[in-house]
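Structure file run-v4.txt (compact mmCIF, C-alpha atoms) follows.
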```txt
# COMPACT_ATOMS: atom_id res chain seq x y z
CA MET A 323 58.54 124.06 124.29
CA PRO A 324 56.78 124.31 127.63
CA HIS A 325 54.17 127.02 127.95
CA LYS A 326 53.89 127.06 131.74
CA ASN A 327 54.57 130.80 131.85
CA SER A 328 52.70 132.06 128.81
CA VAL A 329 49.49 130.18 129.66
CA THR A 330 49.02 132.14 132.89
CA GLU A 331 47.75 135.23 131.05
CA PHE A 332 44.74 133.21 129.85
CA LEU A 333 43.67 131.93 133.27
CA ASP A 334 40.51 133.18 134.93
CA TRP A 335 41.79 132.03 138.33
CA ALA A 336 45.22 130.97 139.62
CA ASP A 337 46.30 129.39 142.89
CA PRO A 338 48.84 131.31 145.04
CA THR A 339 51.75 129.20 143.73
CA VAL A 340 50.91 130.11 140.12
CA LYS A 341 50.60 133.77 141.05
CA PHE A 342 54.02 133.75 142.73
CA LEU A 343 55.84 131.67 140.10
CA ARG A 344 53.89 132.95 137.09
CA ALA A 345 53.78 129.35 135.85
CA ALA A 346 50.97 126.78 135.63
CA ASN A 347 51.32 123.13 134.67
CA THR A 348 47.76 122.00 135.41
CA ILE A 349 44.61 123.68 134.15
CA PHE A 350 41.01 122.75 134.89
CA ILE A 351 37.95 124.06 133.14
CA GLU A 352 35.25 124.61 135.71
CA ARG A 353 31.96 126.18 134.62
CA GLY A 354 33.70 127.63 131.58
CA ARG A 355 36.50 129.22 133.62
CA LEU A 356 40.18 128.28 133.35
CA LYS A 357 41.73 127.52 136.75
CA GLY A 358 45.51 127.15 136.94
CA PHE A 359 47.66 125.21 139.38
CA ASN A 360 51.34 124.35 139.67
CA THR A 361 51.93 120.83 140.98
CA ASP A 362 55.71 120.57 140.48
CA GLY A 363 56.65 121.46 144.05
CA ILE A 364 53.83 119.50 145.67
CA GLY A 365 54.76 116.43 143.62
CA ALA A 366 58.44 116.64 144.53
CA LEU A 367 57.68 116.97 148.25
CA LYS A 368 55.22 114.09 148.10
CA ALA A 369 57.85 111.89 146.42
CA LEU A 370 60.38 112.72 149.14
CA LYS A 371 57.94 112.14 151.98
CA ASN A 372 56.64 108.90 150.44
CA ASN A 373 60.24 107.66 150.50
CA GLY A 374 60.72 108.41 154.18
CA VAL A 375 62.50 111.76 153.91
CA ASN A 376 61.73 113.99 156.89
CA LEU A 377 62.36 117.59 155.84
CA ALA A 378 61.51 119.33 159.10
CA GLY A 379 64.47 121.24 160.48
CA LYS A 380 66.81 120.09 157.72
CA LYS A 381 69.07 121.86 155.25
CA ALA A 382 68.35 121.20 151.58
CA LEU A 383 70.42 121.58 148.43
CA LEU A 384 68.59 122.07 145.15
CA LEU A 385 70.59 121.55 141.97
CA GLY A 386 69.23 123.69 139.16
CA ALA A 387 67.05 126.78 138.93
CA GLY A 388 64.76 126.11 135.99
CA GLY A 389 60.97 126.25 136.00
CA ALA A 390 60.33 123.04 137.94
CA ALA A 391 63.17 123.86 140.35
CA LYS A 392 61.54 127.20 141.19
CA ALA A 393 58.31 125.44 142.08
CA ILE A 394 60.19 122.86 144.15
CA ALA A 395 62.09 125.64 145.95
CA PHE A 396 58.80 127.43 146.64
CA SER A 397 57.47 124.29 148.34
CA LEU A 398 60.73 123.24 150.02
CA ILE A 399 61.33 126.57 151.74
CA LYS A 400 58.15 126.06 153.75
CA GLU A 401 59.46 122.72 155.06
CA VAL A 402 63.21 123.10 155.66
CA ASN A 403 65.32 125.38 157.84
CA GLU A 404 67.73 126.31 155.09
CA LEU A 405 67.69 126.01 151.30
CA CYS A 406 70.73 126.40 149.05
CA ILE A 407 70.24 126.58 145.27
CA LEU A 408 73.12 125.87 142.92
CA ASN A 409 72.94 126.57 139.21
CA ARG A 410 75.39 127.16 136.36
CA ASP A 411 73.98 130.69 136.08
CA ALA A 412 74.38 132.40 139.48
CA VAL A 413 71.90 135.16 138.59
CA LYS A 414 69.21 132.59 137.83
CA ALA A 415 69.96 130.77 141.10
CA ARG A 416 69.52 134.01 143.08
CA GLU A 417 66.17 134.72 141.41
```

Structure re-expressed in structure tokens:
Amino acid sequence: MPHKNSVTEFLDWADPTVKFLRAANTIFIERGRLKGFNTDGIGALKALKNNGVNLAGKKALLLGAGGAAKAIAFSLIKEVNELCILNRDAVKARE
């Protein structure tokens, strides 16, 4: 069971993505302090860009609305003109 959400309450510092998503998948210990990051969205965008996908001015469709999808949406929305999220649970997709 992933603990991306529950671990955030133990962090001494969190990057803005973690604060917004309330989920961390990478934690560093620096001078005894726990620092949390979420790299899901950054990793997905890097994979797209490394494969020649130009997102600027485009429309994107994201299938799914789970934890990683939320992080990807958070990163995608800064790059594309329009983002549509489809999920079996419409309420979860709107969140």

- Message: I want to know what sits within 10 Å of range 335-352 of chain A, based on all atoms listed in the file, with residues of the same chain fewer than 6 positions away left out; could you give that as an NGL selection string?
- Response: :A and (324-329 or 358-363 or 389-390 or 392-393 or 396-397)

- Task: Could you check which of A:Ile399, A:Ala415, A:Leu356, A:Ala366 is closest to Leu385 in chain A, using all atoms listed in the file?
- Result: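 That would be A:Ala415, the residue with the smallest distance to Leu385 in chain A.
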
- Query: What separation in Å, quoted to one decimal, exists between CA of Asn409 in chain A and CA of Gly379 in chain A?
  - Reply: 23.5 Å

- Message: What does the structure give for the distance between CA of Glu417 in chain A and CA of Leu370 in chain A, in Å to one decimal?
- Response: 24.0 Å

- Query: Taking into account all atoms listed in the file, which residue in the set A:Arg353, A:Arg416, A:Lys380, A:Arg410 is nearest to Leu398 in chain A?
  - Reply: A:Lys380

- Message: Considering all atoms listed in the file, can you say which of A:Ala382, A:Asp411, A:Val375, A:Thr330 comes closest to Ile394 in chain A?
- Response: A:Ala382

- Students should find that CA of Ala387 in chain A and CA of Ala369 in chain A are spaced 19.0 Å

- Residue nearest Lys400 in chain A among A:Leu333, A:Leu384, A:Leu367, A:Ala412 (counting all atoms listed in the file):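 Among A:Leu333, A:Leu384, A:Leu367, A:Ala412, it is A:Leu367 that comes nearest to Lys400 in chain A.
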
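Each of A:Asn372, A:Arg355, A:Val413, A:Ala378 was checked against Glu401 in chain A using only C-alpha atoms; the smallest atom-to-atom distance is that of A:Ala378.
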
Select range 323-351 of chain A in the preceding structure and write N, CA and C atoms to a file as a PDB file, in the first residue's frame.
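File written: selection.pdb
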```pdb
ATOM      1  N   MET A 323       0.851  -1.189   0.000  1.00  0.00           N
ATOM      2  CA  MET A 323       0.000   0.000   0.000  1.00  0.00           C
ATOM      3  C   MET A 323       0.884   1.234   0.000  1.00  0.00           C
ATOM      4  N   PRO A 324       0.711   2.082  -0.970  1.00  0.00           N
ATOM      5  CA  PRO A 324       1.502   3.322  -0.985  1.00  0.00           C
ATOM      6  C   PRO A 324       1.165   4.231   0.205  1.00  0.00           C
ATOM      7  N   HIS A 325       2.159   4.931   0.652  1.00  0.00           N
ATOM      8  CA  HIS A 325       1.977   5.841   1.786  1.00  0.00           C
ATOM      9  C   HIS A 325       2.314   7.280   1.397  1.00  0.00           C
ATOM     10  N   LYS A 326       2.128   7.597   0.117  1.00  0.00           N
ATOM     11  CA  LYS A 326       2.472   8.931  -0.375  1.00  0.00           C
ATOM     12  C   LYS A 326       1.728  10.034   0.377  1.00  0.00           C
ATOM     13  N   ASN A 327       0.502   9.760   0.775  1.00  0.00           N
ATOM     14  CA  ASN A 327      -0.300  10.773   1.461  1.00  0.00           C
ATOM     15  C   ASN A 327       0.012  10.821   2.952  1.00  0.00           C
ATOM     16  N   SER A 328       0.023   9.673   3.588  1.00  0.00           N
ATOM     17  CA  SER A 328       0.192   9.647   5.045  1.00  0.00           C
ATOM     18  C   SER A 328       1.569  10.126   5.489  1.00  0.00           C
ATOM     19  N   VAL A 329       2.583   9.962   4.652  1.00  0.00           N
ATOM     20  CA  VAL A 329       3.942  10.356   5.034  1.00  0.00           C
ATOM     21  C   VAL A 329       4.088  11.873   5.152  1.00  0.00           C
ATOM     22  N   THR A 330       3.231  12.617   4.497  1.00  0.00           N
ATOM     23  CA  THR A 330       3.395  14.082   4.477  1.00  0.00           C
ATOM     24  C   THR A 330       3.291  14.714   5.865  1.00  0.00           C
ATOM     25  N   GLU A 331       2.551  14.098   6.769  1.00  0.00           N
ATOM     26  CA  GLU A 331       2.412  14.674   8.111  1.00  0.00           C
ATOM     27  C   GLU A 331       3.707  14.601   8.916  1.00  0.00           C
ATOM     28  N   PHE A 332       4.664  13.783   8.459  1.00  0.00           N
ATOM     29  CA  PHE A 332       5.927  13.628   9.175  1.00  0.00           C
ATOM     30  C   PHE A 332       7.062  14.474   8.586  1.00  0.00           C
ATOM     31  N   LEU A 333       6.778  15.191   7.507  1.00  0.00           N
ATOM     32  CA  LEU A 333       7.809  15.992   6.852  1.00  0.00           C
ATOM     33  C   LEU A 333       8.068  17.290   7.610  1.00  0.00           C
ATOM     34  N   ASP A 334       9.336  17.675   7.632  1.00  0.00           N
ATOM     35  CA  ASP A 334       9.700  18.972   8.203  1.00  0.00           C
ATOM     36  C   ASP A 334       9.582  20.069   7.153  1.00  0.00           C
ATOM     37  N   TRP A 335       9.709  19.675   5.887  1.00  0.00           N
ATOM     38  CA  TRP A 335       9.633  20.624   4.775  1.00  0.00           C
ATOM     39  C   TRP A 335       9.043  19.894   3.579  1.00  0.00           C
ATOM     40  N   ALA A 336       8.227  20.574   2.795  1.00  0.00           N
ATOM     41  CA  ALA A 336       7.633  19.981   1.591  1.00  0.00           C
ATOM     42  C   ALA A 336       7.678  20.980   0.450  1.00  0.00           C
ATOM     43  N   ASP A 337       7.968  20.479  -0.753  1.00  0.00           N
ATOM     44  CA  ASP A 337       7.972  21.374  -1.913  1.00  0.00           C
ATOM     45  C   ASP A 337       6.526  21.751  -2.254  1.00  0.00           C
ATOM     46  N   PRO A 338       6.322  22.785  -3.075  1.00  0.00           N
ATOM     47  CA  PRO A 338       4.965  23.257  -3.377  1.00  0.00           C
ATOM     48  C   PRO A 338       4.057  22.180  -3.967  1.00  0.00           C
ATOM     49  N   THR A 339       4.620  21.259  -4.744  1.00  0.00           N
ATOM     50  CA  THR A 339       3.812  20.187  -5.332  1.00  0.00           C
ATOM     51  C   THR A 339       3.264  19.278  -4.239  1.00  0.00           C
ATOM     52  N   VAL A 340       4.091  18.932  -3.268  1.00  0.00           N
ATOM     53  CA  VAL A 340       3.659  18.090  -2.149  1.00  0.00           C
ATOM     54  C   VAL A 340       2.583  18.810  -1.345  1.00  0.00           C
ATOM     55  N   LYS A 341       2.770  20.084  -1.120  1.00  0.00           N
ATOM     56  CA  LYS A 341       1.778  20.847  -0.356  1.00  0.00           C
ATOM     57  C   LYS A 341       0.425  20.855  -1.059  1.00  0.00           C
ATOM     58  N   PHE A 342       0.439  21.023  -2.385  1.00  0.00           N
ATOM     59  CA  PHE A 342      -0.804  21.066  -3.149  1.00  0.00           C
ATOM     60  C   PHE A 342      -1.464  19.689  -3.222  1.00  0.00           C
ATOM     61  N   LEU A 343      -0.673  18.662  -3.528  1.00  0.00           N
ATOM     62  CA  LEU A 343      -1.207  17.312  -3.722  1.00  0.00           C
ATOM     63  C   LEU A 343      -1.380  16.528  -2.423  1.00  0.00           C
ATOM     64  N   ARG A 344      -0.692  16.981  -1.376  1.00  0.00           N
ATOM     65  CA  ARG A 344      -0.649  16.247  -0.104  1.00  0.00           C
ATOM     66  C   ARG A 344      -0.152  14.828  -0.325  1.00  0.00           C
ATOM     67  N   ALA A 345       0.914  14.708  -1.159  1.00  0.00           N
ATOM     68  CA  ALA A 345       1.503  13.407  -1.459  1.00  0.00           C
ATOM     69  C   ALA A 345       2.979  13.585  -1.793  1.00  0.00           C
ATOM     70  N   ALA A 346       3.816  12.757  -1.174  1.00  0.00           N
ATOM     71  CA  ALA A 346       5.262  12.788  -1.433  1.00  0.00           C
ATOM     72  C   ALA A 346       5.724  11.387  -1.803  1.00  0.00           C
ATOM     73  N   ASN A 347       6.560  11.298  -2.841  1.00  0.00           N
ATOM     74  CA  ASN A 347       7.102   9.997  -3.218  1.00  0.00           C
ATOM     75  C   ASN A 347       8.624   9.946  -3.084  1.00  0.00           C
ATOM     76  N   THR A 348       9.228  11.056  -2.721  1.00  0.00           N
ATOM     77  CA  THR A 348      10.671  11.121  -2.530  1.00  0.00           C
ATOM     78  C   THR A 348      10.944  11.925  -1.268  1.00  0.00           C
ATOM     79  N   ILE A 349      11.750  11.347  -0.384  1.00  0.00           N
ATOM     80  CA  ILE A 349      12.075  12.030   0.872  1.00  0.00           C
ATOM     81  C   ILE A 349      13.577  11.992   1.081  1.00  0.00           C
ATOM     82  N   PHE A 350      14.139  13.153   1.376  1.00  0.00           N
ATOM     83  CA  PHE A 350      15.556  13.284   1.695  1.00  0.00           C
ATOM     84  C   PHE A 350      15.692  13.648   3.166  1.00  0.00           C
ATOM     85  N   ILE A 351      16.738  13.151   3.773  1.00  0.00           N
ATOM     86  CA  ILE A 351      17.074  13.576   5.125  1.00  0.00           C
ATOM     87  C   ILE A 351      18.262  14.507   4.996  1.00  0.00           C
TER      88      ILE A 351
END
```
